[in-house]
>>> print(open('work_6.cif').read())   # mmCIF, C-alpha atoms
data_target
loop_
_atom_site.label_atom_id
_atom_site.label_comp_id
_atom_site.auth_asym_id
_atom_site.auth_seq_id
_atom_site.Cartn_x
_atom_site.Cartn_y
_atom_site.Cartn_z
CA MET A 28 22.42 9.87 9.25
CA ASP A 29 19.39 10.83 11.35
CA TRP A 30 16.02 9.23 11.94
CA ILE A 31 12.90 11.39 12.23
CA ARG A 32 9.23 10.46 12.58
CA LEU A 33 6.41 12.23 10.79
CA CYS A 34 2.71 11.24 10.50
CA ASN A 35 3.32 7.57 11.41
CA ILE A 36 5.88 7.24 8.60
CA GLN A 37 9.60 7.02 9.32
CA TYR A 38 12.03 8.84 7.12
CA PHE A 39 15.70 8.22 6.53
CA TYR A 40 17.88 11.24 5.82
CA ASN A 41 20.94 10.27 3.82
CA TYR A 42 23.10 13.20 2.71
CA LYS A 43 20.49 15.42 0.98
CA LEU A 44 17.96 12.71 0.12
CA LEU A 45 14.82 12.09 2.15
CA ILE A 46 13.89 8.44 1.74
CA ILE A 47 10.64 7.04 3.10
CA ASP A 48 11.55 4.02 5.16
CA GLN A 49 8.27 2.36 6.11
CA TYR A 50 4.51 2.68 5.97
CA LYS A 51 1.31 1.07 7.28
CA THR A 52 -1.25 -0.74 5.15
CA ILE A 53 -3.70 -3.65 5.29
CA THR A 54 -3.09 -7.22 4.18
CA VAL A 55 -6.49 -8.55 3.07
CA HIS A 56 -9.95 -7.40 1.99
CA SER A 57 -12.32 -6.56 4.84
CA GLU A 58 -15.87 -5.24 5.23
CA GLY A 59 -17.78 -2.97 7.56
CA HIS A 60 -21.52 -2.34 7.90
CA TYR A 61 -23.77 0.43 9.19
CA LYS A 62 -27.55 0.91 9.22
CA ALA A 63 -29.54 4.10 9.71
CA LYS A 64 -33.28 4.70 9.13
CA GLY A 65 -33.57 1.79 6.74
CA SER A 66 -30.48 2.66 4.69
CA LYS A 67 -27.70 0.11 4.59
CA PHE A 68 -24.05 1.06 4.14
CA THR A 69 -21.30 -1.47 3.39
CA GLY A 70 -17.64 -0.54 3.38
CA PHE A 71 -14.97 -2.50 1.52
CA ALA A 72 -11.31 -1.98 2.48
CA ILE A 73 -8.88 -3.37 -0.09
CA PRO A 74 -5.06 -3.25 -0.35
CA ILE A 75 -3.89 -1.79 -3.69
CA PHE A 76 -0.62 -0.65 -5.26
CA SER A 77 -1.74 1.30 -8.32
CA GLU A 78 -4.60 3.34 -9.77
CA GLU A 79 -5.23 0.49 -12.19
CA GLU A 80 -5.91 -1.84 -9.26
CA PHE A 81 -8.25 0.76 -7.77
CA LYS A 82 -10.23 0.99 -11.02
CA GLU A 83 -10.43 -2.79 -11.35
CA ASN A 84 -11.71 -3.24 -7.79
CA LEU A 85 -14.21 -0.41 -8.10
CA ALA A 86 -15.56 -1.92 -11.33
CA ARG A 87 -15.84 -5.32 -9.64
CA ILE A 88 -17.77 -3.90 -6.69
CA LYS A 89 -20.17 -2.11 -9.04
CA LYS A 90 -20.73 -5.35 -10.93
CA GLU A 91 -21.33 -7.33 -7.72
CA HIS A 92 -23.70 -4.68 -6.30
CA PRO A 93 -25.54 -3.28 -9.34
CA HIS A 94 -28.50 -1.95 -7.35
CA SER A 95 -26.55 0.26 -4.98
CA GLY A 96 -27.39 3.94 -5.27
CA HIS A 97 -23.87 5.22 -4.59
CA TYR A 98 -20.27 3.96 -4.74
CA CYS A 99 -18.37 6.47 -2.63
CA TYR A 100 -14.67 5.99 -2.07
CA GLY A 101 -11.30 7.18 -0.89
CA PHE A 102 -7.86 5.79 -1.68
CA ARG A 103 -4.20 6.54 -1.11
CA ILE A 104 -1.21 5.01 -2.87
CA GLY A 105 2.52 5.24 -2.21
CA ALA A 106 4.59 5.53 0.92
CA ASP A 107 4.95 9.28 0.31
CA ASN A 108 1.12 9.72 0.54
CA LYS A 109 1.08 12.00 -2.50
CA LEU A 110 -1.37 10.05 -4.65
CA TYR A 111 -4.91 10.04 -3.30
CA ARG A 112 -8.51 10.59 -4.39
CA TYR A 113 -11.98 10.59 -2.86
CA SER A 114 -15.48 10.89 -4.27
CA ASP A 115 -19.02 11.54 -3.01
CA ASP A 116 -20.46 9.84 -6.12
CA GLY A 117 -23.65 11.88 -6.15
CA GLU A 118 -24.09 12.31 -2.41
CA PRO A 119 -24.15 15.90 -1.07
CA SER A 120 -20.70 17.52 -1.18
CA SER A 121 -18.25 16.34 1.49
CA THR A 122 -20.70 13.89 3.10
CA ALA A 123 -19.10 10.66 1.85
CA GLY A 124 -15.69 10.84 0.17
CA LYS A 125 -14.04 13.02 2.79
CA PRO A 126 -15.31 11.00 5.79
CA ILE A 127 -14.12 7.80 4.11
CA PHE A 128 -10.70 9.25 3.27
CA GLY A 129 -10.52 10.70 6.76
CA GLN A 130 -10.49 7.16 8.17
CA ILE A 131 -7.54 6.26 5.97
CA GLN A 132 -5.74 9.32 7.29
CA SER A 133 -6.63 8.72 10.93
CA TYR A 134 -5.23 5.18 10.76
CA GLY A 135 -2.11 6.44 8.95
CA LEU A 136 -2.57 4.03 6.04
CA THR A 137 -1.53 3.96 2.41
CA ASN A 138 -1.73 1.50 -0.50
CA ILE A 139 -5.39 1.10 0.35
CA MET A 140 -8.83 1.89 -1.03
CA ILE A 141 -12.17 2.01 0.77
CA VAL A 142 -15.45 1.91 -1.13
CA VAL A 143 -18.74 2.40 0.72
CA ILE A 144 -21.96 1.50 -1.06
CA ARG A 145 -25.42 2.60 0.02
CA TYR A 146 -28.86 1.07 -0.35
CA PHE A 147 -31.41 3.81 0.28
CA GLY A 148 -34.02 2.97 2.91
CA GLY A 149 -36.57 5.63 2.00
CA THR A 150 -35.71 8.21 4.65
CA LYS A 151 -33.20 10.99 4.10
CA LEU A 152 -30.43 11.13 6.70
CA GLY A 153 -29.34 14.74 6.26
CA VAL A 154 -25.77 15.96 6.00
CA GLY A 155 -24.78 14.95 9.52
CA GLY A 156 -26.38 11.54 9.21
CA LEU A 157 -24.60 10.80 5.93
CA ILE A 158 -21.22 11.83 7.30
CA THR A 159 -21.72 9.58 10.31
CA ALA A 160 -22.86 6.64 8.19
CA TYR A 161 -20.05 6.72 5.63
CA ARG A 162 -17.44 7.28 8.31
CA ALA A 163 -18.80 4.43 10.43
CA ALA A 164 -18.89 1.92 7.57
CA ALA A 165 -15.32 2.80 6.58
CA ASN A 166 -14.17 2.63 10.20
CA GLU A 167 -15.66 -0.80 10.77
CA ALA A 168 -14.04 -2.10 7.58
CA LEU A 169 -10.67 -0.99 8.95
CA GLU A 170 -11.43 -2.39 12.40
CA ASN A 171 -12.04 -5.77 10.72
CA SER A 172 -8.82 -5.61 8.72
CA LYS A 173 -5.27 -6.59 9.62
CA ILE A 174 -2.92 -3.60 9.65
CA ILE A 175 0.79 -4.20 9.16
CA THR A 176 3.93 -2.10 8.83
CA CYS A 177 5.89 -2.58 5.60
CA THR A 178 9.33 -1.37 4.61
CA VAL A 179 9.99 0.33 1.28
CA ASP A 180 12.28 -2.10 -0.57
CA ASN A 181 14.41 -2.00 -3.70
CA ILE A 182 14.69 -5.09 -5.89
CA TYR A 183 17.97 -5.89 -7.65
CA ARG A 184 19.25 -8.59 -10.01
CA LEU A 185 22.69 -10.14 -9.75
CA LYS A 186 24.31 -11.90 -12.72
CA PHE A 187 27.61 -13.72 -12.32
CA GLY A 188 29.76 -16.55 -13.59
CA TYR A 189 30.53 -19.85 -11.90
CA ASP A 190 34.00 -18.62 -10.94
CA ILE A 191 32.61 -16.07 -8.43
CA MET A 192 29.45 -17.95 -7.42
CA SER A 193 30.82 -18.89 -3.99
CA ASN A 194 31.77 -15.26 -3.29
CA VAL A 195 28.26 -14.09 -4.18
CA MET A 196 26.54 -16.79 -2.12
CA ASN A 197 28.73 -16.04 0.88
CA PHE A 198 27.87 -12.35 0.58
CA ILE A 199 24.15 -13.14 0.46
CA LYS A 200 24.40 -15.38 3.52
CA LYS A 201 26.54 -12.91 5.47
CA ASN A 202 24.14 -10.02 4.82
CA ASP A 203 20.99 -12.14 5.21
CA LEU A 204 19.54 -10.88 1.92
CA LYS A 205 15.92 -11.66 1.04
CA VAL A 206 16.25 -13.72 -2.14
CA ILE A 207 13.18 -13.64 -4.41
CA SER A 208 14.40 -16.00 -7.11
CA GLN A 209 17.60 -17.68 -8.19
CA ILE A 210 19.04 -19.75 -11.03
CA LEU A 211 22.36 -21.42 -10.27
CA GLU A 212 23.87 -23.38 -13.16
CA GLU A 213 27.04 -22.66 -15.15
CA SER A 214 26.22 -19.01 -14.49
CA GLY A 215 23.98 -17.50 -11.84
CA THR A 216 21.08 -15.06 -11.68
CA ILE A 217 19.65 -13.96 -8.34
CA GLU A 218 16.98 -11.39 -7.57
CA PHE A 219 16.72 -10.02 -4.07
CA ARG A 220 15.03 -7.24 -2.13
CA VAL A 221 16.59 -4.90 0.41
CA ARG A 222 15.24 -2.07 2.51
CA GLN A 223 15.61 1.13 0.50
CA SER A 224 17.37 3.01 3.28
CA GLU A 225 20.02 0.26 3.40
CA SER A 226 20.42 -0.26 -0.34
CA GLU A 227 23.11 2.35 -1.10
CA ASN A 228 25.61 0.88 1.33
CA LEU A 229 24.83 -2.66 0.19
CA ILE A 230 25.28 -1.87 -3.51
CA GLU A 231 28.61 -0.21 -2.73
CA GLN A 232 29.76 -3.47 -1.12
CA LEU A 233 28.52 -5.56 -4.05
CA ALA A 234 30.44 -3.32 -6.46
CA LYS A 235 33.65 -4.59 -4.85
CA ILE A 236 33.02 -8.12 -6.12
CA ASP A 237 34.86 -8.40 -9.42
CA LYS A 238 32.86 -9.54 -12.50
CA LEU A 239 29.52 -9.22 -10.72
CA LYS A 240 26.76 -7.39 -12.63
CA VAL A 241 24.16 -5.60 -10.49
CA SER A 242 20.92 -4.21 -11.95
CA PHE A 243 18.20 -2.21 -10.22
CA LEU A 244 14.72 -3.52 -11.10
CA LYS A 245 12.12 -1.56 -9.12
CA THR A 246 11.01 -0.17 -5.78
CA ILE A 247 8.08 -1.73 -3.95
#
>>> encode(input="work_6.cif", output="structure tokens")
Amino acid sequence: MDWIRLCNIQYFYNYKLLIIDQYKTITVHSEGHYKAKGSKFTGFAIPIFSEEEFKENLARIKKEHPHSGHYCYGFRIGADNKLYRYSDDGEPSSTAGKPIFGQIQSYGLTNIMIVVIRYFGGTKLGVGGLITAYRAAANEALENSKIITCTVDNIYRLKFGYDIMSNVMNFIKKNDLKVISQILEESGTIEFRVRQSESENLIEQLAKIDKLKVSFLKTI
């Protein structure tokens, strides 16, 4: 098994499968501001995990700032970087969406959206001025955020009887598994998360415990 690095994202090569191992994102909402010739630009950087979350946050920003002339944005979702969008929202082509998305790319981030709103100050900025303004507002929003590195994890559920409960608990302790929830009564149910690149080997070990039922739930 070999490790390779590409575009700030580590990949794990296991047999013939390329599994994304970790990615960078932000933890909380943050803002950035820029002024030019009376126009005011405000950038909002928000962590997201789906297009639905993007739509909800964009709708909220529009509701909170109903008098803004433009709501330009860029977003990227997923550790593989394949899902992304950007929009000029009425500004001249490539003067807003691309500069905003370019900041997401330059920081190597995903699971993030940036919306930059503009209040027109009465003086046109021109193509160069708009590019600078939207890029600067997005950049400051990221500068004010907290960037972290996350692993891509699989979540599993274990179901077992009382007779093998001690074996399961010992396995969890020995492998230092990240338990999300657990119910331990006459029978047991435990949900845990494990780094995706380590999951195959771990599940193979769990399969050796007789009477234990293992179910895959999702990848996060």
>>> residues_around(input="work_6.cif", residues="Ile174 of chain A", least_positions_apart="3", cutoff="7 Å", atoms="all atoms listed in the file", output="MDAnalysis selection string")
chainID A and resid 51:54
>>> residues_around(input="work_6.cif", residues="segment 73-90 of chain A", least_positions_apart="3", cutoff="7 Å", atoms="only C-alpha atoms", output="list in words")
Ile53, Thr54, Val55, His56, Ser57, Pro93, Ile104, Asn138, Ile139, Met140 and Ile141 of chain A
>>> closest_atom_pairs(input="work_6.cif", of="segment 160-181 of chain A", to="segment 215-238 of chain A", cutoff="6 Å", atoms="only C-alpha atoms", output="Markdown table")
| residue | atom | partner | partner_atom | distance |
| --- | --- | --- | --- | --- |
| A:Val179 | CA | A:Gln223 | CA | 5.7 |
| A:Asp180 | CA | A:Arg222 | CA | 4.3 |
| A:Asn181 | CA | A:Gln223 | CA | 5.4 |
>>> closest_residue(input="work_6.cif", among="A:Leu110, A:Ala72, A:Met196, A:Val143", to="Gly124 of chain A", atoms="all atoms listed in the file")
A:Val143
>>> atom_distance(input="work_6.cif", atom1="atom CA of Arg103 of chain A", atom2="atom CA of Thr159 of chain A")
21.1 Å
>>> residues_around(input="work_6.cif", residues="Val154 of chain A", least_positions_apart="2", cutoff="9 Å", atoms="all atoms listed in the file", output="number ranges by chain")
A: 119-122, 152, 156-159
>>> atom_distance(input="work_6.cif", atom1="atom CA of Met192 of chain A", atom2="atom CA of Val241 of chain A")
13.8 Å
>>> atom_distance(input="work_6.cif", atom1="atom CA of Glu91 of chain A", atom2="atom CA of Ser172 of chain A")
20.7 Å
>>> resolve_selection(input="work_6.cif", expression="the PyMOL selection byres ((chain A and resi 183) around 6)", output="list in words")
Ile182, Arg184, Glu218, Phe219, Ser242, Phe243 and Leu244 of chain A
>>> closest_residue(input="work_6.cif", among="A:Ile199, A:Leu239, A:Ala168, A:Ile210", to="Thr69 of chain A", atoms="all atoms listed in the file")
A:Ala168
>>> closest_residue(input="work_6.cif", among="A:Ser66, A:Thr150, A:Gln132, A:Thr176", to="Ser95 of chain A", atoms="all atoms listed in the file")
A:Ser66
>>> residues_around(input="work_6.cif", residues="Gln130 of chain A", least_positions_apart="5", cutoff="7 Å", atoms="only C-alpha atoms", output="PDB file with C-alpha atoms, in the coordinates of the input")
ATOM      1  CA  ARG A 162     -17.440   7.280   8.310  1.00  0.00           C
ATOM      2  CA  ALA A 165     -15.320   2.800   6.580  1.00  0.00           C
ATOM      3  CA  ASN A 166     -14.170   2.630  10.200  1.00  0.00           C
TER       4      ASN A 166
END
>>> closest_residue(input="work_6.cif", among="A:Lys240, A:Lys201, A:Lys64, A:Lys245", to="Lys151 of chain A", atoms="only C-alpha atoms")
A:Lys64
>>> closest_residue(input="work_6.cif", among="A:Lys186, A:Lys109, A:His92, A:His60", to="Leu169 of chain A", atoms="only C-alpha atoms")
A:His60
>>> resolve_selection(input="work_6.cif", expression="the PyMOL selection byres ((chain A and resi 116) around 6)", output="compact mmCIF listing (two decimals) with C-alpha atoms, in the frame of the given file")
# COMPACT_ATOMS: atom_id res chain seq x y z
CA HIS A 97 -23.87 5.22 -4.59
CA CYS A 99 -18.37 6.47 -2.63
CA SER A 114 -15.48 10.89 -4.27
CA ASP A 115 -19.02 11.54 -3.01
CA GLY A 117 -23.65 11.88 -6.15
CA GLU A 118 -24.09 12.31 -2.41
